[in-house]
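Below is the file upload.pdb, which contains PDB, C-alpha atoms, pLDDT in the B column.
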```
ATOM      1  CA  SER A   1    -124.243 -25.984  71.620  1.00 38.00           C
ATOM      2  CA  GLN A   2    -120.810 -24.725  70.717  1.00 45.00           C
ATOM      3  CA  GLN A   3    -120.355 -21.168  69.563  1.00 58.00           C
ATOM      4  CA  GLY A   4    -117.175 -21.853  67.653  1.00 67.00           C
ATOM      5  CA  GLU A   5    -116.776 -24.651  65.172  1.00 80.00           C
ATOM      6  CA  GLU A   6    -113.354 -25.484  63.814  1.00 83.00           C
ATOM      7  CA  ASP A   7    -112.669 -26.851  60.372  1.00 84.00           C
ATOM      8  CA  PRO A   8    -111.102 -29.235  59.599  1.00 89.00           C
ATOM      9  CA  GLN A   9    -111.444 -31.483  62.620  1.00 89.00           C
ATOM     10  CA  ALA A  10    -108.106 -33.094  61.794  1.00 92.00           C
ATOM     11  CA  LEU A  11    -105.185 -31.998  59.620  1.00 94.00           C
ATOM     12  CA  SER A  12    -102.008 -33.859  58.753  1.00 95.00           C
ATOM     13  CA  ILE A  13     -99.127 -32.088  56.980  1.00 96.00           C
ATOM     14  CA  GLN A  14     -95.388 -32.400  56.425  1.00 97.00           C
ATOM     15  CA  GLU A  15     -92.884 -30.329  58.342  1.00 97.00           C
ATOM     16  CA  GLY A  16     -92.243 -27.049  56.556  1.00 97.00           C
ATOM     17  CA  GLU A  17     -95.720 -26.793  55.084  1.00 97.00           C
ATOM     18  CA  ASN A  18     -98.276 -24.229  56.183  1.00 97.00           C
ATOM     19  CA  ALA A  19    -101.296 -25.234  58.259  1.00 96.00           C
ATOM     20  CA  THR A  20    -104.587 -23.382  58.038  1.00 96.00           C
ATOM     21  CA  MET A  21    -107.441 -23.888  60.460  1.00 96.00           C
ATOM     22  CA  ASN A  22    -110.807 -22.181  60.292  1.00 95.00           C
ATOM     23  CA  CYS A  23    -113.330 -21.241  62.945  1.00 94.00           C
ATOM     24  CA  SER A  24    -116.936 -20.212  62.432  1.00 94.00           C
ATOM     25  CA  TYR A  25    -119.200 -18.779  65.079  1.00 91.00           C
ATOM     26  CA  LYS A  26    -122.841 -17.865  65.394  1.00 89.00           C
ATOM     27  CA  THR A  27    -123.362 -14.680  67.392  1.00 85.00           C
ATOM     28  CA  SER A  28    -121.650 -11.308  67.499  1.00 87.00           C
ATOM     29  CA  ILE A  29    -118.411 -11.192  69.441  1.00 88.00           C
ATOM     30  CA  ASN A  30    -116.144  -8.797  71.287  1.00 85.00           C
ATOM     31  CA  ASN A  31    -113.065 -10.858  70.528  1.00 88.00           C
ATOM     32  CA  LEU A  32    -111.935 -14.277  69.347  1.00 91.00           C
ATOM     33  CA  GLN A  33    -109.051 -16.192  70.845  1.00 91.00           C
ATOM     34  CA  TRP A  34    -106.997 -19.154  69.704  1.00 93.00           C
ATOM     35  CA  TYR A  35    -105.600 -21.704  72.120  1.00 92.00           C
ATOM     36  CA  ARG A  36    -103.286 -24.661  71.720  1.00 93.00           C
ATOM     37  CA  GLN A  37    -103.432 -27.902  73.673  1.00 90.00           C
ATOM     38  CA  ASN A  38    -100.740 -30.537  73.601  1.00 89.00           C
ATOM     39  CA  SER A  39    -101.917 -34.075  74.222  1.00 83.00           C
ATOM     40  CA  GLY A  40    -102.851 -34.562  77.856  1.00 77.00           C
ATOM     41  CA  ARG A  41    -101.944 -31.008  78.815  1.00 80.00           C
ATOM     42  CA  GLY A  42    -103.763 -27.781  79.618  1.00 82.00           C
ATOM     43  CA  LEU A  43    -104.517 -24.997  77.181  1.00 87.00           C
ATOM     44  CA  VAL A  44    -102.055 -22.315  76.208  1.00 87.00           C
ATOM     45  CA  HIS A  45    -103.241 -18.991  74.892  1.00 86.00           C
ATOM     46  CA  LEU A  46    -101.860 -18.152  71.433  1.00 91.00           C
ATOM     47  CA  ILE A  47    -103.470 -14.970  70.214  1.00 91.00           C
ATOM     48  CA  LEU A  48    -106.484 -12.695  70.715  1.00 89.00           C
ATOM     49  CA  ILE A  49    -108.070 -10.704  67.916  1.00 91.00           C
ATOM     50  CA  ARG A  50    -110.688  -8.046  68.636  1.00 89.00           C
ATOM     51  CA  SER A  51    -113.829  -7.539  66.598  1.00 91.00           C
ATOM     52  CA  ASN A  52    -112.474  -4.316  65.077  1.00 93.00           C
ATOM     53  CA  GLU A  53    -109.273  -6.023  63.885  1.00 94.00           C
ATOM     54  CA  ARG A  54    -108.981  -7.935  60.617  1.00 97.00           C
ATOM     55  CA  GLU A  55    -105.555  -9.515  60.898  1.00 97.00           C
ATOM     56  CA  LYS A  56    -102.978 -10.139  63.569  1.00 94.00           C
ATOM     57  CA  HIS A  57     -99.514 -11.698  63.570  1.00 93.00           C
ATOM     58  CA  SER A  58     -97.487 -13.363  66.275  1.00 90.00           C
ATOM     59  CA  GLY A  59     -94.284 -15.070  65.193  1.00 93.00           C
ATOM     60  CA  ARG A  60     -95.252 -17.832  62.752  1.00 95.00           C
ATOM     61  CA  LEU A  61     -98.941 -17.346  63.535  1.00 95.00           C
ATOM     62  CA  ARG A  62    -101.310 -15.273  61.431  1.00 97.00           C
ATOM     63  CA  VAL A  63    -104.932 -14.846  62.453  1.00 97.00           C
ATOM     64  CA  THR A  64    -107.655 -13.251  60.372  1.00 97.00           C
ATOM     65  CA  LEU A  65    -111.146 -12.285  61.400  1.00 97.00           C
ATOM     66  CA  ASP A  66    -114.105 -11.642  59.118  1.00 97.00           C
ATOM     67  CA  THR A  67    -117.022 -10.478  61.263  1.00 95.00           C
ATOM     68  CA  SER A  68    -119.338 -10.269  58.253  1.00 95.00           C
ATOM     69  CA  LYS A  69    -118.876 -13.989  57.666  1.00 95.00           C
ATOM     70  CA  LYS A  70    -118.510 -14.765  61.370  1.00 94.00           C
ATOM     71  CA  SER A  71    -115.309 -16.637  60.718  1.00 95.00           C
ATOM     72  CA  SER A  72    -111.647 -16.642  61.644  1.00 96.00           C
ATOM     73  CA  SER A  73    -108.609 -18.489  60.393  1.00 97.00           C
ATOM     74  CA  LEU A  74    -105.346 -19.456  62.043  1.00 97.00           C
ATOM     75  CA  LEU A  75    -102.341 -19.929  59.778  1.00 97.00           C
ATOM     76  CA  ILE A  76     -99.157 -21.546  61.066  1.00 97.00           C
ATOM     77  CA  THR A  77     -96.336 -21.000  58.616  1.00 97.00           C
ATOM     78  CA  ALA A  78     -93.318 -23.269  58.156  1.00 97.00           C
ATOM     79  CA  SER A  79     -94.772 -25.840  60.519  1.00 97.00           C
ATOM     80  CA  ARG A  80     -92.608 -27.937  62.813  1.00 96.00           C
ATOM     81  CA  ALA A  81     -93.171 -31.324  64.404  1.00 95.00           C
ATOM     82  CA  ALA A  82     -93.463 -29.482  67.724  1.00 94.00           C
ATOM     83  CA  ASP A  83     -96.589 -27.731  66.399  1.00 96.00           C
ATOM     84  CA  THR A  84     -98.434 -31.050  66.644  1.00 96.00           C
ATOM     85  CA  ALA A  85    -101.345 -30.292  68.988  1.00 95.00           C
ATOM     86  CA  SER A  86    -105.036 -29.492  69.065  1.00 94.00           C
ATOM     87  CA  TYR A  87    -106.012 -25.920  68.321  1.00 95.00           C
ATOM     88  CA  PHE A  88    -109.186 -24.346  69.650  1.00 93.00           C
ATOM     89  CA  CYS A  89    -110.923 -21.109  68.895  1.00 93.00           C
ATOM     90  CA  ALA A  90    -112.889 -19.421  71.660  1.00 91.00           C
ATOM     91  CA  THR A  91    -115.279 -16.534  71.333  1.00 89.00           C
ATOM     92  CA  TYR A  92    -116.221 -13.862  73.815  1.00 83.00           C
ATOM     93  CA  PRO A  93    -119.619 -12.257  73.163  1.00 75.00           C
ATOM     94  CA  GLY A  94    -118.841  -9.114  75.123  1.00 68.00           C
ATOM     95  CA  ASN A  95    -121.987  -8.988  77.220  1.00 63.00           C
ATOM     96  CA  ALA A  96    -121.626  -8.830  80.979  1.00 52.00           C
ATOM     97  CA  GLY A  97    -121.746 -12.302  82.433  1.00 54.00           C
ATOM     98  CA  ASN A  98    -121.042 -14.066  79.140  1.00 58.00           C
ATOM     99  CA  MET A  99    -117.903 -16.092  79.091  1.00 74.00           C
ATOM    100  CA  LEU A 100    -115.590 -17.677  76.588  1.00 80.00           C
ATOM    101  CA  THR A 101    -117.153 -20.414  74.495  1.00 83.00           C
ATOM    102  CA  PHE A 102    -114.842 -22.971  72.925  1.00 87.00           C
ATOM    103  CA  GLY A 103    -115.147 -24.864  69.673  1.00 87.00           C
ATOM    104  CA  GLY A 104    -114.404 -28.558  69.224  1.00 86.00           C
ATOM    105  CA  GLY A 105    -110.856 -28.009  68.005  1.00 91.00           C
ATOM    106  CA  THR A 106    -108.648 -29.006  65.091  1.00 93.00           C
ATOM    107  CA  ARG A 107    -106.149 -31.788  65.673  1.00 94.00           C
ATOM    108  CA  LEU A 108    -102.976 -30.940  63.793  1.00 96.00           C
ATOM    109  CA  MET A 109    -100.287 -33.492  63.121  1.00 96.00           C
ATOM    110  CA  VAL A 110     -97.003 -32.312  61.614  1.00 97.00           C
ATOM    111  CA  LYS A 111     -94.907 -35.164  60.281  1.00 96.00           C
ATOM    112  CA  PRO A 112     -91.122 -34.797  60.395  1.00 92.00           C
TER     113      PRO A 112
ATOM    114  CA  ASN B   1     -95.914 -17.229  90.731  1.00 74.00           C
ATOM    115  CA  ALA B   2     -97.207 -20.780  90.586  1.00 81.00           C
ATOM    116  CA  GLY B   3    -100.026 -19.694  88.278  1.00 91.00           C
ATOM    117  CA  VAL B   4    -103.138 -21.881  88.344  1.00 94.00           C
ATOM    118  CA  THR B   5    -102.770 -25.121  90.261  1.00 95.00           C
ATOM    119  CA  GLN B   6    -105.170 -28.016  90.387  1.00 96.00           C
ATOM    120  CA  THR B   7    -105.330 -31.071  92.626  1.00 96.00           C
ATOM    121  CA  PRO B   8    -105.565 -33.970  92.297  1.00 97.00           C
ATOM    122  CA  LYS B   9    -104.119 -34.774  88.872  1.00 95.00           C
ATOM    123  CA  PHE B  10    -105.993 -38.065  88.658  1.00 96.00           C
ATOM    124  CA  GLN B  11    -108.962 -39.472  90.536  1.00 96.00           C
ATOM    125  CA  VAL B  12    -111.066 -42.603  90.303  1.00 97.00           C
ATOM    126  CA  LEU B  13    -114.488 -42.545  91.925  1.00 97.00           C
ATOM    127  CA  LYS B  14    -117.324 -44.979  92.275  1.00 97.00           C
ATOM    128  CA  THR B  15    -120.801 -43.952  91.245  1.00 97.00           C
ATOM    129  CA  GLY B  16    -122.452 -42.024  94.056  1.00 97.00           C
ATOM    130  CA  GLN B  17    -119.274 -40.876  95.749  1.00 97.00           C
ATOM    131  CA  SER B  18    -118.606 -37.207  96.294  1.00 96.00           C
ATOM    132  CA  MET B  19    -115.362 -35.301  95.997  1.00 96.00           C
ATOM    133  CA  THR B  20    -113.888 -31.843  95.639  1.00 98.00           C
ATOM    134  CA  LEU B  21    -111.536 -30.748  92.886  1.00 98.00           C
ATOM    135  CA  GLN B  22    -109.251 -28.010  94.124  1.00 98.00           C
ATOM    136  CA  CYS B  23    -108.171 -24.969  92.138  1.00 98.00           C
ATOM    137  CA  ALA B  24    -105.982 -22.123  93.309  1.00 97.00           C
ATOM    138  CA  GLN B  25    -104.336 -19.140  91.663  1.00 96.00           C
ATOM    139  CA  ASP B  26    -101.777 -16.739  93.077  1.00 94.00           C
ATOM    140  CA  MET B  27    -102.128 -13.972  90.501  1.00 92.00           C
ATOM    141  CA  ASN B  28    -104.887 -12.048  92.322  1.00 91.00           C
ATOM    142  CA  HIS B  29    -107.221 -12.759  89.416  1.00 91.00           C
ATOM    143  CA  GLU B  30    -110.797 -11.638  89.776  1.00 88.00           C
ATOM    144  CA  TYR B  31    -112.296 -14.224  87.458  1.00 89.00           C
ATOM    145  CA  MET B  32    -112.119 -17.993  87.815  1.00 92.00           C
ATOM    146  CA  SER B  33    -113.949 -20.748  86.005  1.00 92.00           C
ATOM    147  CA  TRP B  34    -114.279 -24.490  85.636  1.00 95.00           C
ATOM    148  CA  TYR B  35    -114.498 -26.335  82.332  1.00 93.00           C
ATOM    149  CA  ARG B  36    -114.857 -29.962  81.412  1.00 95.00           C
ATOM    150  CA  GLN B  37    -113.366 -31.469  78.302  1.00 92.00           C
ATOM    151  CA  ASP B  38    -114.693 -34.710  76.909  1.00 89.00           C
ATOM    152  CA  PRO B  39    -112.714 -36.798  74.402  1.00 80.00           C
ATOM    153  CA  GLY B  40    -112.342 -35.085  71.041  1.00 73.00           C
ATOM    154  CA  MET B  41    -114.347 -32.079  72.125  1.00 76.00           C
ATOM    155  CA  GLY B  42    -113.789 -28.523  73.157  1.00 81.00           C
ATOM    156  CA  LEU B  43    -114.271 -27.145  76.620  1.00 87.00           C
ATOM    157  CA  ARG B  44    -117.659 -26.580  78.166  1.00 89.00           C
ATOM    158  CA  LEU B  45    -118.140 -24.112  80.979  1.00 88.00           C
ATOM    159  CA  ILE B  46    -119.471 -25.593  84.229  1.00 93.00           C
ATOM    160  CA  HIS B  47    -119.424 -22.708  86.721  1.00 93.00           C
ATOM    161  CA  TYR B  48    -117.639 -19.421  86.998  1.00 90.00           C
ATOM    162  CA  SER B  49    -116.956 -16.683  89.519  1.00 91.00           C
ATOM    163  CA  VAL B  50    -116.365 -12.993  88.910  1.00 86.00           C
ATOM    164  CA  GLY B  51    -115.079 -12.378  92.415  1.00 89.00           C
ATOM    165  CA  ALA B  52    -115.040 -13.646  95.977  1.00 92.00           C
ATOM    166  CA  GLY B  53    -118.548 -14.513  97.109  1.00 93.00           C
ATOM    167  CA  ILE B  54    -119.994 -14.454  93.575  1.00 91.00           C
ATOM    168  CA  THR B  55    -120.615 -17.548  91.476  1.00 92.00           C
ATOM    169  CA  ASP B  56    -122.825 -18.369  88.530  1.00 89.00           C
ATOM    170  CA  GLN B  57    -123.730 -21.290  86.330  1.00 89.00           C
ATOM    171  CA  GLY B  58    -122.198 -22.001  82.965  1.00 87.00           C
ATOM    172  CA  GLU B  59    -123.327 -24.276  80.177  1.00 84.00           C
ATOM    173  CA  VAL B  60    -123.297 -27.613  82.052  1.00 91.00           C
ATOM    174  CA  PRO B  61    -123.736 -26.941  85.803  1.00 94.00           C
ATOM    175  CA  ASN B  62    -125.879 -29.920  86.822  1.00 94.00           C
ATOM    176  CA  GLY B  63    -124.234 -32.234  89.333  1.00 96.00           C
ATOM    177  CA  TYR B  64    -121.617 -29.690  90.383  1.00 97.00           C
ATOM    178  CA  ASN B  65    -121.387 -27.055  93.110  1.00 97.00           C
ATOM    179  CA  VAL B  66    -118.877 -24.267  93.583  1.00 97.00           C
ATOM    180  CA  SER B  67    -118.040 -21.635  96.145  1.00 96.00           C
ATOM    181  CA  ARG B  68    -115.619 -18.710  96.177  1.00 96.00           C
ATOM    182  CA  SER B  69    -114.813 -17.754  99.744  1.00 96.00           C
ATOM    183  CA  THR B  70    -111.434 -16.271  98.817  1.00 96.00           C
ATOM    184  CA  THR B  71    -109.951 -14.684  95.722  1.00 95.00           C
ATOM    185  CA  GLU B  72    -107.361 -17.459  95.459  1.00 96.00           C
ATOM    186  CA  ASP B  73    -109.490 -20.608  95.681  1.00 97.00           C
ATOM    187  CA  PHE B  74    -112.356 -21.940  93.592  1.00 98.00           C
ATOM    188  CA  PRO B  75    -113.183 -25.569  94.477  1.00 98.00           C
ATOM    189  CA  LEU B  76    -115.536 -27.687  92.368  1.00 98.00           C
ATOM    190  CA  ARG B  77    -117.647 -30.232  94.206  1.00 98.00           C
ATOM    191  CA  LEU B  78    -119.192 -33.326  92.697  1.00 96.00           C
ATOM    192  CA  LEU B  79    -122.168 -34.127  94.867  1.00 92.00           C
ATOM    193  CA  SER B  80    -122.890 -37.694  93.711  1.00 96.00           C
ATOM    194  CA  ALA B  81    -120.548 -38.820  90.962  1.00 97.00           C
ATOM    195  CA  ALA B  82    -121.988 -40.397  87.817  1.00 97.00           C
ATOM    196  CA  PRO B  83    -120.194 -42.125  84.902  1.00 96.00           C
ATOM    197  CA  SER B  84    -121.276 -39.212  82.678  1.00 95.00           C
ATOM    198  CA  GLN B  85    -118.958 -36.996  84.731  1.00 97.00           C
ATOM    199  CA  THR B  86    -115.905 -38.917  83.547  1.00 96.00           C
ATOM    200  CA  SER B  87    -113.908 -36.156  81.922  1.00 96.00           C
ATOM    201  CA  VAL B  88    -110.896 -33.906  82.205  1.00 95.00           C
ATOM    202  CA  TYR B  89    -111.561 -30.821  84.291  1.00 97.00           C
ATOM    203  CA  PHE B  90    -109.741 -27.556  83.774  1.00 95.00           C
ATOM    204  CA  CYS B  91    -109.728 -24.537  86.023  1.00 95.00           C
ATOM    205  CA  ALA B  92    -108.922 -21.131  84.538  1.00 92.00           C
ATOM    206  CA  SER B  93    -108.455 -17.592  85.768  1.00 91.00           C
ATOM    207  CA  SER B  94    -108.004 -14.122  84.368  1.00 85.00           C
ATOM    208  CA  TYR B  95    -107.564 -10.640  85.787  1.00 79.00           C
ATOM    209  CA  THR B  96    -111.082  -9.560  84.876  1.00 68.00           C
ATOM    210  CA  HIS B  97    -114.206 -11.234  83.576  1.00 59.00           C
ATOM    211  CA  ARG B  98    -114.523  -8.981  80.576  1.00 58.00           C
ATOM    212  CA  GLY B  99    -112.873 -11.546  78.320  1.00 54.00           C
ATOM    213  CA  GLN B 100    -110.327  -9.054  77.078  1.00 59.00           C
ATOM    214  CA  GLU B 101    -107.358 -10.751  78.620  1.00 65.00           C
ATOM    215  CA  THR B 102    -105.751 -14.128  78.373  1.00 73.00           C
ATOM    216  CA  GLN B 103    -107.214 -16.874  80.465  1.00 81.00           C
ATOM    217  CA  TYR B 104    -104.649 -18.941  82.309  1.00 88.00           C
ATOM    218  CA  PHE B 105    -105.433 -22.629  82.563  1.00 91.00           C
ATOM    219  CA  GLY B 106    -104.418 -25.179  85.137  1.00 93.00           C
ATOM    220  CA  PRO B 107    -102.929 -28.536  84.104  1.00 92.00           C
ATOM    221  CA  GLY B 108    -106.228 -30.359  84.510  1.00 94.00           C
ATOM    222  CA  THR B 109    -107.687 -33.135  86.647  1.00 96.00           C
ATOM    223  CA  ARG B 110    -108.533 -36.443  84.988  1.00 95.00           C
ATOM    224  CA  LEU B 111    -111.589 -37.989  86.608  1.00 97.00           C
ATOM    225  CA  LEU B 112    -112.872 -41.509  86.011  1.00 97.00           C
ATOM    226  CA  VAL B 113    -116.220 -42.494  87.492  1.00 97.00           C
ATOM    227  CA  LEU B 114    -116.898 -46.205  87.557  1.00 97.00           C
TER     228      LEU B 114
END
```
I'd like the structure from this file rewritten - as structure tokens, please.
Amino acid sequence: SQQGEEDPQALSIQEGENATMNCSYKTSINNLQWYRQNSGRGLVHLILIRSNEREKHSGRLRVTLDTSKKSSSLLITASRAADTASYFCATYPGNAGNMLTFGGGTRLMVKP
Amino acid sequence: NAGVTQTPKFQVLKTGQSMTLQCAQDMNHEYMSWYRQDPGMGLRLIHYSVGAGITDQGEVPNGYNVSRSTTEDFPLRLLSAAPSQTSVYFCASSYTHRGQETQYFGPGTRLLVL
């Protein structure tokens, strides 16, 4: 079973609009990470937010984390056609031997 | 640095054949792992290694073997390929296994089992 579940599974927006993707998880975590995957390519790390952080920014990316609700959101502001990709959240439980667990991803399409 | 490299990029196998997917990293990373990604899904952990000589099973280890004789290399062996193993395979590495750092992913190997 997947620890992280993204919502929505697919999102289509116009260039310039904001895109918001959500991730829910089931167990306690040490940190949560967001990755991007262009079609047919490997994953690229975007941002890591630790369990004691509530919000983090990186360029046009804004990530929030609510540990009480076991959820996170990724906001991409002023989207561009080049942002078209799949976005995955991954959680790290923090126990020795436990590894990153990925969700199913959100497929984002940004129309020019 | 070349980062994480994987070979081959594409492979077609017949049911029952065996093969090895190669993964190498030149960043002196302690932790390496193998994932598979099926269409429209996230990544599932197959096997991982926290250092040379140490390996462990992930979420979906059946049908795969790994070894870690050196820090740089972490090959994934398919013992007897099955159509259910058709997938894209990604190798990843990071400096430690504590999950506090970025994982670096290879470009992937697309495997088709007929």
As a check of understanding, name the residues that the PyMOL selection byres ((chain A and resi 6) around 8) selects in the supplied structure, as a PDB file with C-alpha atoms, keeping the file's coordinate frame.
```pdb
ATOM      1  CA  GLY A   4    -117.175 -21.853  67.653  1.00 67.00           C
ATOM      2  CA  GLU A   5    -116.776 -24.651  65.172  1.00 80.00           C
ATOM      3  CA  ASP A   7    -112.669 -26.851  60.372  1.00 84.00           C
ATOM      4  CA  PRO A   8    -111.102 -29.235  59.599  1.00 89.00           C
ATOM      5  CA  GLN A   9    -111.444 -31.483  62.620  1.00 89.00           C
ATOM      6  CA  MET A  21    -107.441 -23.888  60.460  1.00 96.00           C
ATOM      7  CA  ASN A  22    -110.807 -22.181  60.292  1.00 95.00           C
ATOM      8  CA  CYS A  23    -113.330 -21.241  62.945  1.00 94.00           C
ATOM      9  CA  SER A  24    -116.936 -20.212  62.432  1.00 94.00           C
ATOM     10  CA  PHE A  88    -109.186 -24.346  69.650  1.00 93.00           C
ATOM     11  CA  CYS A  89    -110.923 -21.109  68.895  1.00 93.00           C
ATOM     12  CA  GLY A 103    -115.147 -24.864  69.673  1.00 87.00           C
ATOM     13  CA  GLY A 104    -114.404 -28.558  69.224  1.00 86.00           C
ATOM     14  CA  GLY A 105    -110.856 -28.009  68.005  1.00 91.00           C
ATOM     15  CA  THR A 106    -108.648 -29.006  65.091  1.00 93.00           C
TER      16      THR A 106
END
```
*Please provide the set of residues having any atom within 9 Å of Asn52 of chain A, restricted to all atoms listed in the file, with same-chain residues fewer than 6 positions apart removed, written as a list in words.*
Asn30, Asn31, Leu65 and Thr67 of chain A
Residue members of the PyMOL selection byres ((chain B) within 7 of (chain A)) in the file shown, as a short mmCIF file (atom, residue, chain, number, x, y, z; two decimals) with C-alpha atoms, in the coordinates of the input:
```
data_model
loop_
_atom_site.label_atom_id
_atom_site.label_comp_id
_atom_site.auth_asym_id
_atom_site.auth_seq_id
_atom_site.Cartn_x
_atom_site.Cartn_y
_atom_site.Cartn_z
CA MET B 41 -114.35 -32.08 72.12
CA GLY B 42 -113.79 -28.52 73.16
CA LEU B 43 -114.27 -27.14 76.62
CA ARG B 44 -117.66 -26.58 78.17
CA ARG B 98 -114.52 -8.98 80.58
CA GLY B 99 -112.87 -11.55 78.32
CA THR B 102 -105.75 -14.13 78.37
CA PHE B 105 -105.43 -22.63 82.56
CA GLY B 106 -104.42 -25.18 85.14
CA PRO B 107 -102.93 -28.54 84.10
CA GLY B 108 -106.23 -30.36 84.51
#
```
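Closest approach to Leu11 of chain A from the set A:Ala85, A:Trp34, A:Thr77, A:Asp66 is made by A:Ala85, with distances taken over only C-alpha atoms.
When the PyMOL selection byres ((chain B and resi 49-61) around 8) is evaluated against the file, it yields Glu30, Tyr31, Met32, Ser33, Arg44, Leu45, Ile46, His47, Tyr48, Asn62, Gly63, Tyr64, Asn65, Val66, Ser67, Arg68, Ser69, Thr70, Thr71, Thr96 and His97 of chain B.
Closest approach to Leu111 of chain B among B:Ser87, B:Gln17, B:Thr7, B:Ser80: B:Ser87, based on only C-alpha atoms.
Separating atom CA of Ser12 of chain A from atom CA of Leu61 of chain A is a distance of 17.5 Å.
Here atom CA of Thr20 of chain A and atom CA of Arg60 of chain A stand 11.8 Å from one another.
Separating atom CA of Tyr89 of chain B from atom CA of Gly3 of chain B is a distance of 16.5 Å.
Proximity ranking of B:Val4, B:Met19, B:Leu79, B:Leu13 relative to Ser93 of chain B places B:Val4 first, based on only C-alpha atoms.
For the choices B:Gln22, B:Glu72, B:Thr15, B:Trp34, the atom-to-atom distance to Ser84 of chain B is smallest for B:Thr15 when using only C-alpha atoms.
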Could you please fill out segment 18-30 of chain B with N, CA, C and O atoms and send it back as a PDB file, in the coordinates of the input?
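Produced file part36.pdb, reproduced below:
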```
ATOM      1  N   SER B  18    -118.783 -38.645  96.463  1.00 96.00           N
ATOM      2  CA  SER B  18    -118.606 -37.207  96.294  1.00 96.00           C
ATOM      3  C   SER B  18    -117.132 -36.873  96.442  1.00 96.00           C
ATOM      4  O   SER B  18    -116.367 -37.627  97.052  1.00 96.00           O
ATOM      5  N   MET B  19    -116.741 -35.764  95.847  1.00 96.00           N
ATOM      6  CA  MET B  19    -115.362 -35.301  95.997  1.00 96.00           C
ATOM      7  C   MET B  19    -115.260 -33.837  95.602  1.00 96.00           C
ATOM      8  O   MET B  19    -116.184 -33.286  94.983  1.00 96.00           O
ATOM      9  N   THR B  20    -114.151 -33.240  95.969  1.00 98.00           N
ATOM     10  CA  THR B  20    -113.888 -31.843  95.639  1.00 98.00           C
ATOM     11  C   THR B  20    -112.618 -31.736  94.829  1.00 98.00           C
ATOM     12  O   THR B  20    -111.575 -32.259  95.232  1.00 98.00           O
ATOM     13  N   LEU B  21    -112.704 -31.068  93.690  1.00 98.00           N
ATOM     14  CA  LEU B  21    -111.536 -30.748  92.886  1.00 98.00           C
ATOM     15  C   LEU B  21    -111.070 -29.356  93.307  1.00 98.00           C
ATOM     16  O   LEU B  21    -111.849 -28.405  93.339  1.00 98.00           O
ATOM     17  N   GLN B  22    -109.787 -29.275  93.626  1.00 98.00           N
ATOM     18  CA  GLN B  22    -109.251 -28.010  94.124  1.00 98.00           C
ATOM     19  C   GLN B  22    -108.631 -27.200  92.994  1.00 98.00           C
ATOM     20  O   GLN B  22    -108.036 -27.740  92.065  1.00 98.00           O
ATOM     21  N   CYS B  23    -108.792 -25.899  93.078  1.00 98.00           N
ATOM     22  CA  CYS B  23    -108.171 -24.969  92.138  1.00 98.00           C
ATOM     23  C   CYS B  23    -107.727 -23.744  92.901  1.00 98.00           C
ATOM     24  O   CYS B  23    -108.499 -23.187  93.701  1.00 98.00           O
ATOM     25  N   ALA B  24    -106.501 -23.324  92.648  1.00 97.00           N
ATOM     26  CA  ALA B  24    -105.982 -22.123  93.309  1.00 97.00           C
ATOM     27  C   ALA B  24    -105.140 -21.329  92.326  1.00 97.00           C
ATOM     28  O   ALA B  24    -104.492 -21.894  91.453  1.00 97.00           O
ATOM     29  N   GLN B  25    -105.189 -20.005  92.482  1.00 96.00           N
ATOM     30  CA  GLN B  25    -104.336 -19.140  91.663  1.00 96.00           C
ATOM     31  C   GLN B  25    -103.730 -18.063  92.567  1.00 96.00           C
ATOM     32  O   GLN B  25    -104.368 -17.597  93.519  1.00 96.00           O
ATOM     33  N   ASP B  26    -102.493 -17.704  92.242  1.00 94.00           N
ATOM     34  CA  ASP B  26    -101.777 -16.739  93.077  1.00 94.00           C
ATOM     35  C   ASP B  26    -101.497 -15.448  92.317  1.00 94.00           C
ATOM     36  O   ASP B  26    -100.516 -14.755  92.599  1.00 94.00           O
ATOM     37  N   MET B  27    -102.333 -15.149  91.337  1.00 92.00           N
ATOM     38  CA  MET B  27    -102.128 -13.972  90.501  1.00 92.00           C
ATOM     39  C   MET B  27    -103.111 -12.851  90.835  1.00 92.00           C
ATOM     40  O   MET B  27    -103.202 -11.867  90.104  1.00 92.00           O
ATOM     41  N   ASN B  28    -103.881 -13.032  91.909  1.00 91.00           N
ATOM     42  CA  ASN B  28    -104.887 -12.048  92.322  1.00 91.00           C
ATOM     43  C   ASN B  28    -105.914 -11.796  91.219  1.00 91.00           C
ATOM     44  O   ASN B  28    -106.395 -10.675  91.034  1.00 91.00           O
ATOM     45  N   HIS B  29    -106.247 -12.878  90.492  1.00 91.00           N
ATOM     46  CA  HIS B  29    -107.221 -12.759  89.416  1.00 91.00           C
ATOM     47  C   HIS B  29    -108.632 -12.697  89.965  1.00 91.00           C
ATOM     48  O   HIS B  29    -109.002 -13.413  90.887  1.00 91.00           O
ATOM     49  N   GLU B  30    -109.406 -11.838  89.368  1.00 88.00           N
ATOM     50  CA  GLU B  30    -110.797 -11.638  89.776  1.00 88.00           C
ATOM     51  C   GLU B  30    -111.672 -12.798  89.294  1.00 88.00           C
ATOM     52  O   GLU B  30    -112.567 -13.256  89.986  1.00 88.00           O
TER      53      GLU B  30
END
```
